[in-house]
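The structure file upload10.cif is reproduced below (mmCIF, C-alpha atoms).
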```cif
data_work
#
loop_
_atom_site.label_atom_id
_atom_site.label_comp_id
_atom_site.auth_asym_id
_atom_site.auth_seq_id
_atom_site.Cartn_x
_atom_site.Cartn_y
_atom_site.Cartn_z
CA MET A 691 -6.30 34.32 -16.77
CA SER A 692 -8.79 32.87 -19.26
CA GLY A 693 -7.91 30.02 -21.59
CA VAL A 694 -8.15 32.40 -24.57
CA TRP A 695 -5.62 34.84 -23.13
CA SER A 696 -3.35 31.97 -22.05
CA ASN A 697 -3.30 30.68 -25.62
CA ARG A 698 -2.58 34.17 -27.01
CA LEU A 699 0.28 34.65 -24.54
CA ARG A 700 1.85 31.30 -25.43
CA ALA A 701 1.62 32.13 -29.14
CA PHE A 702 4.15 34.95 -28.61
CA ILE A 703 6.61 32.82 -26.58
CA PRO A 704 9.20 30.89 -28.64
CA THR A 705 9.31 27.13 -28.03
CA GLY A 706 12.83 27.33 -26.61
CA VAL A 707 11.73 29.91 -24.06
CA LEU A 708 8.78 27.74 -23.06
CA GLU A 709 11.13 24.85 -22.36
CA LEU A 710 13.40 27.16 -20.35
CA LEU A 711 10.42 28.30 -18.29
CA ARG A 712 9.47 24.67 -17.64
CA GLY A 713 12.93 24.07 -16.22
CA TRP A 714 12.63 26.94 -13.74
CA GLY A 715 10.28 25.16 -11.35
CA LEU A 716 7.40 27.58 -11.83
CA THR A 717 4.39 27.47 -9.55
CA THR A 718 1.51 25.19 -10.46
CA TRP A 719 -0.58 28.28 -11.35
CA ALA A 720 2.09 29.56 -13.75
CA ARG A 721 2.65 26.15 -15.31
CA ARG A 722 -1.08 25.75 -15.83
CA HIS A 723 -1.96 29.24 -17.08
CA VAL A 724 1.25 30.41 -18.76
CA LEU A 725 2.46 27.08 -20.14
CA GLY A 726 -0.97 25.47 -20.47
CA GLU A 727 0.22 22.23 -18.86
CA VAL A 728 -2.15 19.43 -17.90
CA TYR A 729 -1.26 15.95 -16.73
CA TYR A 730 -2.17 12.37 -16.07
CA CYS A 731 -0.71 9.86 -13.60
CA SER A 732 0.21 6.42 -14.92
CA ALA A 733 -0.22 4.95 -11.42
CA LEU A 734 -3.79 6.25 -11.12
CA GLN A 735 -4.33 5.19 -14.73
CA GLY A 736 -3.46 1.60 -13.75
CA ASP A 737 -0.43 1.44 -16.03
CA SER A 738 2.33 1.55 -13.40
CA ASN A 739 4.21 -1.62 -12.53
CA TYR A 740 5.09 -0.36 -9.06
CA ASN A 741 3.58 2.72 -7.50
CA ILE A 742 0.17 1.74 -6.13
CA CYS A 743 0.76 0.48 -2.59
CA ILE A 744 -1.39 -1.53 -0.20
CA ASN A 745 -0.13 -0.28 3.15
CA SER A 746 0.31 -2.14 6.44
CA ASP A 747 -3.09 -0.96 7.71
CA MET A 748 -4.80 -1.83 4.38
CA SER A 749 -5.03 1.78 3.27
CA VAL A 750 -4.02 2.28 -0.37
CA SER A 751 -1.52 4.95 -1.49
CA CYS A 752 -0.90 6.27 -4.99
CA ASN A 753 2.88 6.53 -4.52
CA CYS A 754 5.79 4.83 -2.74
CA ARG A 755 6.81 7.89 -0.70
CA ASP A 756 3.50 8.64 0.99
CA PHE A 757 5.05 9.65 4.31
CA ASP A 758 2.23 11.97 5.41
CA GLY A 759 -0.78 10.03 4.13
CA SER A 760 -1.74 12.71 1.60
CA GLY A 761 -1.61 10.05 -1.12
CA HIS A 762 -4.20 7.76 0.47
CA ILE A 763 -6.83 7.01 -2.18
CA GLY A 764 -8.81 4.29 -0.42
CA ASP A 765 -8.97 1.50 2.16
CA LEU A 766 -9.18 -2.25 1.56
CA ASN A 767 -10.75 -2.66 5.00
CA THR A 768 -14.00 -1.38 3.51
CA GLN A 769 -13.43 -1.38 -0.26
CA SER A 770 -12.29 -3.65 -3.03
CA LEU A 771 -9.36 -2.57 -5.19
CA GLN A 772 -11.83 -1.79 -7.97
CA GLU A 773 -13.85 0.42 -5.61
CA VAL A 774 -10.67 2.23 -4.55
CA PHE A 775 -9.85 3.03 -8.18
CA ASP A 776 -13.44 4.08 -8.89
CA GLY A 777 -13.64 6.04 -5.63
CA ALA A 778 -14.08 9.75 -5.05
CA VAL A 779 -10.48 10.44 -3.97
CA ALA A 780 -8.85 8.72 -6.94
CA MET A 781 -11.26 10.43 -9.34
CA ASP A 782 -10.63 13.80 -7.70
CA PHE A 783 -6.87 13.32 -8.14
CA ARG A 784 -7.34 12.46 -11.83
CA ASN A 785 -9.60 15.45 -12.40
CA GLN A 786 -7.15 17.83 -10.74
CA LEU A 787 -4.32 16.53 -12.92
CA ALA A 788 -6.44 16.87 -16.07
CA GLY A 789 -7.13 20.45 -15.02
CA GLY A 790 -3.45 21.28 -14.61
CA GLU A 791 -3.29 20.98 -10.81
CA LEU A 792 -1.05 18.68 -8.75
CA PRO A 793 -3.21 17.10 -6.02
CA ILE A 794 -0.31 16.31 -3.65
CA GLU A 795 3.27 17.55 -3.29
CA ASN A 796 4.78 14.20 -4.27
CA CYS A 797 3.36 14.57 -7.78
CA ALA A 798 6.01 17.11 -8.75
CA GLU A 799 8.87 14.63 -8.27
CA CYS A 800 7.07 11.42 -9.25
CA ASN A 801 8.02 9.64 -12.47
CA GLU A 802 4.40 8.56 -12.91
CA LEU A 803 3.43 12.17 -13.78
CA HIS A 804 3.08 12.86 -17.51
CA ARG A 805 2.46 16.16 -19.29
CA VAL A 806 -0.08 15.71 -22.10
CA SER A 807 -2.56 17.64 -24.22
CA LYS A 808 -5.90 18.60 -22.72
CA ARG A 809 -7.65 16.24 -25.13
CA GLU A 810 -5.55 13.27 -24.02
CA ALA A 811 -5.90 14.19 -20.34
CA GLN A 812 -9.69 14.26 -20.70
CA SER A 813 -9.81 10.97 -22.60
CA ARG A 814 -7.75 9.24 -19.91
CA LEU A 815 -10.37 10.10 -17.31
CA LYS A 816 -12.51 7.39 -18.92
CA THR A 817 -9.86 4.73 -19.58
CA TYR A 818 -8.24 4.05 -16.20
CA HIS A 819 -8.24 0.51 -14.77
CA VAL A 820 -7.04 -1.42 -11.74
CA PRO A 821 -3.30 -2.13 -12.04
CA ASP A 822 -2.42 -5.37 -13.79
CA LYS A 823 1.34 -4.98 -14.26
CA GLY A 824 2.42 -4.52 -10.67
CA ILE A 825 1.55 -3.38 -7.15
CA MET A 826 3.33 -2.85 -3.82
CA LEU A 827 2.39 -4.72 -0.67
CA GLU A 828 3.67 -3.34 2.64
CA ASN A 829 3.40 -6.17 5.16
CA THR A 830 4.89 -3.88 7.82
CA VAL A 831 5.86 -0.22 8.11
CA ALA A 832 8.19 -0.94 11.03
CA CYS A 833 11.92 -0.66 10.37
CA ASN A 834 15.09 -0.99 12.44
CA LEU A 835 16.95 1.68 10.44
CA SER A 836 16.58 5.44 10.01
CA CYS A 837 17.82 6.03 6.46
CA ILE A 838 18.29 9.72 5.76
CA ALA A 839 15.86 9.72 2.80
CA CYS A 840 13.06 8.07 4.77
CA ASP A 841 10.76 10.08 7.04
CA ARG A 842 10.03 7.64 9.86
CA THR A 843 7.09 9.73 11.07
CA VAL A 844 5.30 7.64 8.41
CA VAL A 845 4.41 5.19 11.19
CA ASN A 846 1.98 7.81 12.50
CA THR A 847 -0.04 7.65 9.27
CA ARG A 848 -0.68 3.90 9.63
CA ALA A 849 -3.45 2.67 11.91
CA ARG A 850 -1.51 -0.60 12.27
CA LYS A 851 2.22 -1.20 11.78
CA ARG A 852 1.79 -4.82 10.62
CA MET A 853 -0.76 -6.68 8.55
CA LYS A 854 -2.66 -9.52 10.15
CA LEU A 855 -2.58 -12.84 8.28
CA GLU A 856 -6.22 -12.49 7.28
CA GLU A 857 -5.41 -9.06 5.84
CA VAL A 858 -2.48 -10.47 3.89
CA ALA A 859 -4.87 -13.09 2.51
CA ARG A 860 -7.45 -10.47 1.54
CA ALA A 861 -4.83 -8.36 -0.22
CA ALA A 862 -3.46 -11.45 -1.97
CA ASP A 863 -6.98 -12.34 -3.12
CA GLU A 864 -7.41 -8.87 -4.62
CA ILE A 865 -4.08 -9.19 -6.42
CA ALA A 866 -5.07 -12.61 -7.76
CA LYS A 867 -8.53 -11.37 -8.81
CA HIS A 868 -6.97 -8.76 -11.08
CA LYS A 869 -4.16 -11.08 -12.24
CA ILE A 870 -1.49 -8.57 -11.27
CA GLU A 871 1.78 -9.77 -12.72
CA GLU A 872 4.31 -8.49 -10.18
CA ILE A 873 4.20 -7.93 -6.41
CA ALA A 874 6.79 -5.66 -4.79
CA LEU A 875 6.67 -6.95 -1.23
CA HIS A 876 8.12 -3.85 0.42
CA ASN A 877 7.56 -0.15 0.84
CA LEU A 878 8.44 1.91 3.91
CA GLY A 879 9.26 -0.90 6.33
CA GLU A 880 11.58 -3.91 6.66
CA PRO A 881 9.54 -6.95 5.52
CA PHE A 882 11.53 -9.54 7.51
CA LEU A 883 10.65 -7.71 10.76
CA SER A 884 7.24 -9.37 10.64
CA ARG A 885 7.12 -12.33 13.01
CA SER A 886 4.79 -14.17 10.64
CA PHE A 887 6.78 -13.52 7.45
CA TYR A 888 6.99 -17.20 6.48
CA ASP A 889 3.21 -17.64 6.74
CA GLU A 890 2.65 -14.41 4.83
CA MET A 891 4.86 -15.56 1.98
CA CYS A 892 3.11 -18.93 1.81
CA ILE A 893 -0.28 -17.21 1.56
CA ILE A 894 0.84 -14.74 -1.10
CA ARG A 895 2.57 -17.41 -3.19
CA GLU A 896 -0.29 -19.91 -2.92
CA LYS A 897 -2.83 -17.37 -4.09
CA ASN A 898 -0.54 -15.93 -6.78
CA PRO A 899 1.51 -18.87 -8.07
CA ASP A 900 2.44 -17.19 -11.35
CA ALA A 901 3.17 -13.69 -10.05
CA ARG A 902 6.72 -12.41 -9.93
CA ILE A 903 7.44 -11.47 -6.31
CA VAL A 904 10.24 -8.97 -5.66
CA MET A 905 11.43 -7.76 -2.28
CA SER A 906 14.01 -5.40 -0.82
CA THR A 907 15.58 -5.96 2.60
CA ASN A 908 18.34 -4.37 4.64
CA GLY A 909 19.39 -7.91 5.58
CA THR A 910 19.39 -7.53 9.36
CA PHE A 911 16.69 -10.10 10.05
CA VAL A 912 17.34 -12.76 7.40
CA ASN A 913 18.71 -14.77 10.29
CA ASP A 914 16.83 -18.06 10.76
CA VAL A 915 15.79 -21.07 8.71
CA LYS A 916 12.10 -20.12 8.50
CA LYS A 917 12.87 -16.69 7.07
CA MET A 918 15.36 -18.13 4.61
CA GLU A 919 12.80 -20.73 3.52
CA ALA A 920 10.34 -17.89 2.99
CA ALA A 921 12.95 -16.06 0.90
CA LEU A 922 13.10 -19.07 -1.46
CA LEU A 923 9.49 -18.28 -2.43
CA LEU A 924 10.61 -14.92 -3.82
CA ASP A 925 11.72 -14.42 -7.41
CA HIS A 926 14.13 -11.54 -6.80
CA LEU A 927 15.61 -10.25 -3.55
CA TYR A 928 17.48 -6.96 -3.25
CA CYS A 929 19.84 -6.78 -0.28
CA SER A 930 20.33 -3.08 0.39
CA ILE A 931 23.80 -2.50 1.82
CA ASP A 932 24.86 1.04 0.96
CA GLY A 933 28.62 0.94 1.35
CA SER A 934 31.58 -1.40 1.43
CA ASN A 935 32.23 -1.04 5.17
CA GLN A 936 30.53 0.08 8.38
CA GLY A 937 31.62 3.71 8.14
CA GLU A 938 30.18 4.17 4.65
CA MET A 939 26.97 2.24 5.26
CA GLU A 940 25.94 3.97 8.48
CA GLN A 941 26.12 7.47 6.99
CA TYR A 942 22.94 6.68 5.02
CA GLN A 943 21.50 3.57 6.70
CA VAL A 944 21.63 4.97 10.22
CA GLY A 945 21.60 2.14 12.75
CA GLY A 946 22.80 -0.50 10.30
CA ASP A 947 25.39 -3.20 11.02
CA PHE A 948 27.50 -3.87 7.92
CA GLU A 949 29.14 -7.11 9.08
CA LEU A 950 25.80 -8.61 10.17
CA CYS A 951 23.96 -7.68 6.97
CA TYR A 952 26.80 -8.93 4.77
CA LYS A 953 27.00 -12.22 6.70
CA ASN A 954 23.23 -12.75 6.44
CA MET A 955 23.38 -12.13 2.69
CA CYS A 956 26.20 -14.67 2.33
CA ASP A 957 24.31 -17.21 4.46
CA LEU A 958 21.17 -16.80 2.35
CA VAL A 959 23.13 -17.41 -0.86
CA ALA A 960 24.60 -20.58 0.66
CA PHE A 961 21.17 -21.70 1.93
CA ARG A 962 19.65 -21.26 -1.54
CA ASP A 963 22.48 -23.01 -3.31
CA GLU A 964 22.56 -25.95 -0.87
CA ARG A 965 18.89 -26.57 -1.67
CA ASP A 966 19.58 -26.29 -5.38
CA SER A 967 16.89 -23.62 -5.67
CA SER A 968 16.73 -21.38 -8.71
CA THR A 969 15.10 -18.59 -6.68
CA PRO A 970 15.44 -15.98 -5.54
CA LEU A 971 17.87 -14.07 -7.70
CA ILE A 972 19.95 -12.34 -5.01
CA GLU A 973 21.22 -8.84 -5.77
CA TRP A 974 23.35 -6.53 -3.64
CA LYS A 975 21.83 -3.07 -4.05
CA TYR A 976 24.38 -0.32 -3.34
CA VAL A 977 23.10 3.29 -3.29
CA VAL A 978 25.93 5.65 -4.19
CA PHE A 979 26.63 8.90 -2.33
CA ARG A 980 29.61 11.22 -2.04
CA TRP A 981 31.13 9.20 0.83
CA ASN A 982 30.98 5.74 -0.78
CA ASP A 983 31.75 6.49 -4.45
CA SER A 984 35.55 6.20 -4.57
CA ALA A 985 37.22 3.68 -6.86
CA ALA A 986 38.51 1.81 -3.82
CA SER A 987 35.03 1.54 -2.26
CA ILE A 988 33.40 0.36 -5.48
CA GLU A 989 36.15 -2.16 -6.24
CA ARG A 990 35.95 -3.52 -2.68
CA ALA A 991 32.15 -3.93 -2.93
CA VAL A 992 32.40 -5.76 -6.27
CA ALA A 993 35.03 -8.12 -4.84
CA MET A 994 32.93 -8.80 -1.74
CA ALA A 995 29.81 -9.39 -3.85
CA ARG A 996 31.68 -11.93 -5.97
CA GLU A 997 32.98 -13.63 -2.83
CA ALA A 998 29.48 -13.74 -1.32
CA GLY A 999 28.19 -15.54 -4.40
CA VAL A 1000 25.35 -13.11 -5.15
CA ASP A 1001 24.03 -13.08 -8.70
CA ARG A 1002 24.75 -9.40 -9.25
CA ILE A 1003 25.58 -6.09 -7.61
CA SER A 1004 23.93 -2.88 -8.77
CA PHE A 1005 24.92 0.72 -8.08
CA TRP A 1006 22.09 3.27 -7.82
CA HIS A 1007 22.50 7.04 -7.80
CA GLY A 1008 21.48 8.33 -4.38
CA TRP A 1009 19.54 11.58 -4.30
CA GLY A 1010 19.30 14.41 -1.81
CA ASP A 1011 21.02 17.72 -1.05
CA SER A 1012 24.01 18.71 -3.19
CA ASP A 1013 26.46 18.04 -0.35
CA ILE A 1014 25.65 14.30 -0.32
CA VAL A 1015 24.99 13.53 -4.00
CA SER A 1016 27.81 11.73 -5.80
CA GLU A 1017 29.38 13.58 -8.70
CA ASN A 1018 31.60 10.61 -9.53
CA PHE A 1019 28.59 8.47 -10.40
CA LYS A 1020 28.11 10.11 -13.79
CA THR A 1021 31.61 11.30 -14.62
CA ALA A 1022 34.35 9.19 -13.02
CA PRO A 1023 36.20 6.65 -15.20
CA HIS A 1024 35.78 3.88 -12.60
CA PHE A 1025 32.00 4.13 -12.98
CA GLU A 1026 32.01 4.39 -16.75
CA ALA A 1027 34.02 1.16 -16.91
CA LEU A 1028 31.90 -0.61 -14.27
CA GLY A 1029 29.75 -3.49 -15.50
CA GLU A 1030 26.97 -2.27 -17.75
CA SER A 1031 24.54 0.61 -17.81
CA THR A 1032 20.94 -0.28 -16.86
CA TRP A 1033 17.84 1.53 -15.65
CA LYS A 1034 19.21 1.12 -12.11
CA GLY A 1035 22.52 2.84 -12.86
CA ARG A 1036 25.51 0.51 -13.20
CA GLU A 1037 25.26 -3.25 -12.78
CA VAL A 1038 27.81 -6.07 -12.52
CA ILE A 1039 26.29 -9.45 -13.31
CA PHE A 1040 28.04 -12.59 -12.06
CA ARG A 1041 25.31 -15.13 -12.90
CA SER A 1042 22.33 -14.65 -15.21
#
```

Take the structure in this file and express it as structure tokens.
Amino acid sequence: MSGVWSNRLRAFIPTGVLELLRGWGLTTWARRHVLGEVYYCSALQGDSNYNICINSDMSVSCNCRDFDGSGHIGDLNTQSLQEVFDGAVAMDFRNQLAGGELPIENCAECNELHRVSKREAQSRLKTYHVPDKGIMLENTVACNLSCIACDRTVVNTRARKRMKLEEVARAADEIAKHKIEEIALHNLGEPFLSRSFYDEMCIIREKNPDARIVMSTNGTFVNDVKKMEAALLLDHLYCSIDGSNQGEMEQYQVGGDFELCYKNMCDLVAFRDERDSSTPLIEWKYVVFRWNDSAASIERAVAMAREAGVDRISFWHGWGDSDIVSENFKTAPHFEALGESTWKGREVIFRS
């Protein structure tokens, strides 16, 4: 269908009907030709504070859920970060989006995708830049858990499961060169599984003294002095424990040990406080599903978080099939009265 006929067709469709059509999950062809949709990606534009990831083998992905490698846009083994962003793959992705096509499946569910006019989409092809707000750094893709939302076949898309120290240094140099403000030191692996985590943290912090470094851990391996000392170099640490007991946690975090992870979180808080360190801010991250969303479960988690001495506990809405998604999260009185509403979901703050 030509652009002329697409425009004529849309002229006869009321605005309300167009919005209804958009909500029906039409094919890319229909969205492009019937609705006239074109896009840009804020991650590929350089405006994201999160979604460009340097992977464990130094490949670079355009999104945090690149399980199959389809989002690889370059490789820091042979390119600089600037060359990755100027490279053929990244440019091809941008051109496809500006033409109304989604280059990879993940685009459809990614919050970095934006629907814009054709004029704006074309202008953005000339104004992209290397990220300066934030970037992800995956020191390892290895993980001891098999969370139901994570496709662990991702390890097959990485040439190496762990970064070497010289690779960590090279990535840290690239981050420093572009004065990237925030480093998310995690992606599809458990960062503390790296045997050289302390040395990695020292390198990253030395080369990026002013960057805000954030990390997420399942807590299993925060179990010795060296790792806890490394944690003190972080600004913010999320401890992901998705339930208030073993039975709730293991339904999502398959292979997890609730008592061990909770103990390690408590020990890290004590270690930080004994050293009178202001960092990291320690947050219990609790992903809510149908099986861990009762008032009793939430109240128990809040009480345990307060007892552990963490700075806050946050409750995030878990996603997936309808049989696991929590309905209470948006409607139940015990959630509406819980802490405060934030971009995460609900959050109870004990110490600012």

Subject >> Residues returned when the PyMOL selection byres ((chain A and resi 834) around 12) runs on this file, as a PyMOL selection string >> reply: chain A and resi 830-833+835-837+842+878-884+907-911+943-947

Hey, can you spit out that residue selection with C-alpha atoms as a PDB file, keeping the file's coordinate frame?
```
ATOM      1  CA  THR A 830       4.890  -3.880   7.820  1.00  0.00           C
ATOM      2  CA  VAL A 831       5.860  -0.220   8.110  1.00  0.00           C
ATOM      3  CA  ALA A 832       8.190  -0.940  11.030  1.00  0.00           C
ATOM      4  CA  CYS A 833      11.920  -0.660  10.370  1.00  0.00           C
ATOM      5  CA  LEU A 835      16.950   1.680  10.440  1.00  0.00           C
ATOM      6  CA  SER A 836      16.580   5.440  10.010  1.00  0.00           C
ATOM      7  CA  CYS A 837      17.820   6.030   6.460  1.00  0.00           C
ATOM      8  CA  ARG A 842      10.030   7.640   9.860  1.00  0.00           C
ATOM      9  CA  LEU A 878       8.440   1.910   3.910  1.00  0.00           C
ATOM     10  CA  GLY A 879       9.260  -0.900   6.330  1.00  0.00           C
ATOM     11  CA  GLU A 880      11.580  -3.910   6.660  1.00  0.00           C
ATOM     12  CA  PRO A 881       9.540  -6.950   5.520  1.00  0.00           C
ATOM     13  CA  PHE A 882      11.530  -9.540   7.510  1.00  0.00           C
ATOM     14  CA  LEU A 883      10.650  -7.710  10.760  1.00  0.00           C
ATOM     15  CA  SER A 884       7.240  -9.370  10.640  1.00  0.00           C
ATOM     16  CA  THR A 907      15.580  -5.960   2.600  1.00  0.00           C
ATOM     17  CA  ASN A 908      18.340  -4.370   4.640  1.00  0.00           C
ATOM     18  CA  GLY A 909      19.390  -7.910   5.580  1.00  0.00           C
ATOM     19  CA  THR A 910      19.390  -7.530   9.360  1.00  0.00           C
ATOM     20  CA  PHE A 911      16.690 -10.100  10.050  1.00  0.00           C
ATOM     21  CA  GLN A 943      21.500   3.570   6.700  1.00  0.00           C
ATOM     22  CA  VAL A 944      21.630   4.970  10.220  1.00  0.00           C
ATOM     23  CA  GLY A 945      21.600   2.140  12.750  1.00  0.00           C
ATOM     24  CA  GLY A 946      22.800  -0.500  10.300  1.00  0.00           C
ATOM     25  CA  ASP A 947      25.390  -3.200  11.020  1.00  0.00           C
TER      26      ASP A 947
END
```

Residue neighbourhood Val858 of chain A, 10 Å, only C-alpha atoms, exclusion window fewer than 6 positions, as a PDB file with C-alpha atoms, in the frame of the given file:
```pdb
ATOM      1  CA  ILE A 744      -1.390  -1.530  -0.200  1.00  0.00           C
ATOM      2  CA  SER A 746       0.310  -2.140   6.440  1.00  0.00           C
ATOM      3  CA  MET A 748      -4.800  -1.830   4.380  1.00  0.00           C
ATOM      4  CA  LEU A 827       2.390  -4.720  -0.670  1.00  0.00           C
ATOM      5  CA  GLU A 828       3.670  -3.340   2.640  1.00  0.00           C
ATOM      6  CA  ASN A 829       3.400  -6.170   5.160  1.00  0.00           C
ATOM      7  CA  ARG A 852       1.790  -4.820  10.620  1.00  0.00           C
ATOM      8  CA  GLU A 864      -7.410  -8.870  -4.620  1.00  0.00           C
ATOM      9  CA  ASP A 889       3.210 -17.640   6.740  1.00  0.00           C
ATOM     10  CA  GLU A 890       2.650 -14.410   4.830  1.00  0.00           C
ATOM     11  CA  MET A 891       4.860 -15.560   1.980  1.00  0.00           C
ATOM     12  CA  ILE A 893      -0.280 -17.210   1.560  1.00  0.00           C
ATOM     13  CA  ILE A 894       0.840 -14.740  -1.100  1.00  0.00           C
TER      14      ILE A 894
END
```

Original post:
Looking at A:Ser1012, A:Leu734, A:Val806, A:Thr843, which one is nearest to Val774 of chain A, with distances taken over all atoms listed in the file?
Top reply: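 Closest to Val774 of chain A of all the choices is A:Leu734.
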
For segment 800-811 of chain A, I'd like the enclosing box, axis-aligned and padded by 6 Å on every side, reported as lines of an AutoDock Vina configuration file with centre and edge lengths in Å to one decimal.
```
center_x = 0.2
center_y = 13.6
center_z = -17.2
size_x = 27.7
size_y = 22.0
size_z = 27.9
```

Neighbours of Gly759 of chain A within 9 Å (only C-alpha atoms; same-chain residues fewer than 2 positions away dropped), as a PDB file with C-alpha atoms, in the coordinates of the input?
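Produced file result-v3.pdb, reproduced below:
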```pdb
ATOM      1  CA  SER A 751      -1.520   4.950  -1.490  1.00  0.00           C
ATOM      2  CA  ASP A 756       3.500   8.640   0.990  1.00  0.00           C
ATOM      3  CA  PHE A 757       5.050   9.650   4.310  1.00  0.00           C
ATOM      4  CA  GLY A 761      -1.610  10.050  -1.120  1.00  0.00           C
ATOM      5  CA  HIS A 762      -4.200   7.760   0.470  1.00  0.00           C
ATOM      6  CA  VAL A 844       5.300   7.640   8.410  1.00  0.00           C
ATOM      7  CA  THR A 847      -0.040   7.650   9.270  1.00  0.00           C
ATOM      8  CA  ARG A 848      -0.680   3.900   9.630  1.00  0.00           C
TER       9      ARG A 848
END
```

Original post:
How many Å lie between atom CA of Phe1040 of chain A and atom CA of Pro1023 of chain A, rounded to one decimal?
Top reply: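 Computing the Euclidean distance for atom CA of Phe1040 of chain A and atom CA of Pro1023 of chain A yields 21.1 Å.
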
**OP:** Just give me the gap between atom CA of Leu924 of chain A and atom CA of Asn898 of chain A in Å, one decimal is fine.
**Re:** 11.6 Å

**OP:** Tell me which residues the PyMOL selection byres ((chain A and resi 743) around 7) grabs here, as number ranges by chain.
**Re:** A: 741-742, 744-745, 750-754, 825-827

**OP:** Just say which residues the PyMOL selection byres ((chain A and resi 929) around 9) picks in this file, as a PyMOL selection string.
**Re:** chain A and resi 905-909+927-928+930-931+951-952+955+972-976

Original post:
Smallest atom-to-atom distance to Ser1042 of chain A: which of A:Ser968, A:Ser984, A:Asn739, A:His1007, using all atoms listed in the file?
Top reply: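 Ranking A:Ser968, A:Ser984, A:Asn739, A:His1007 by distance to Ser1042 of chain A, first place goes to A:Ser968.
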
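Reported to one decimal place, the separation of atom CA of Ser886 of chain A from atom CA of Phe961 of chain A is 20.0 Å.
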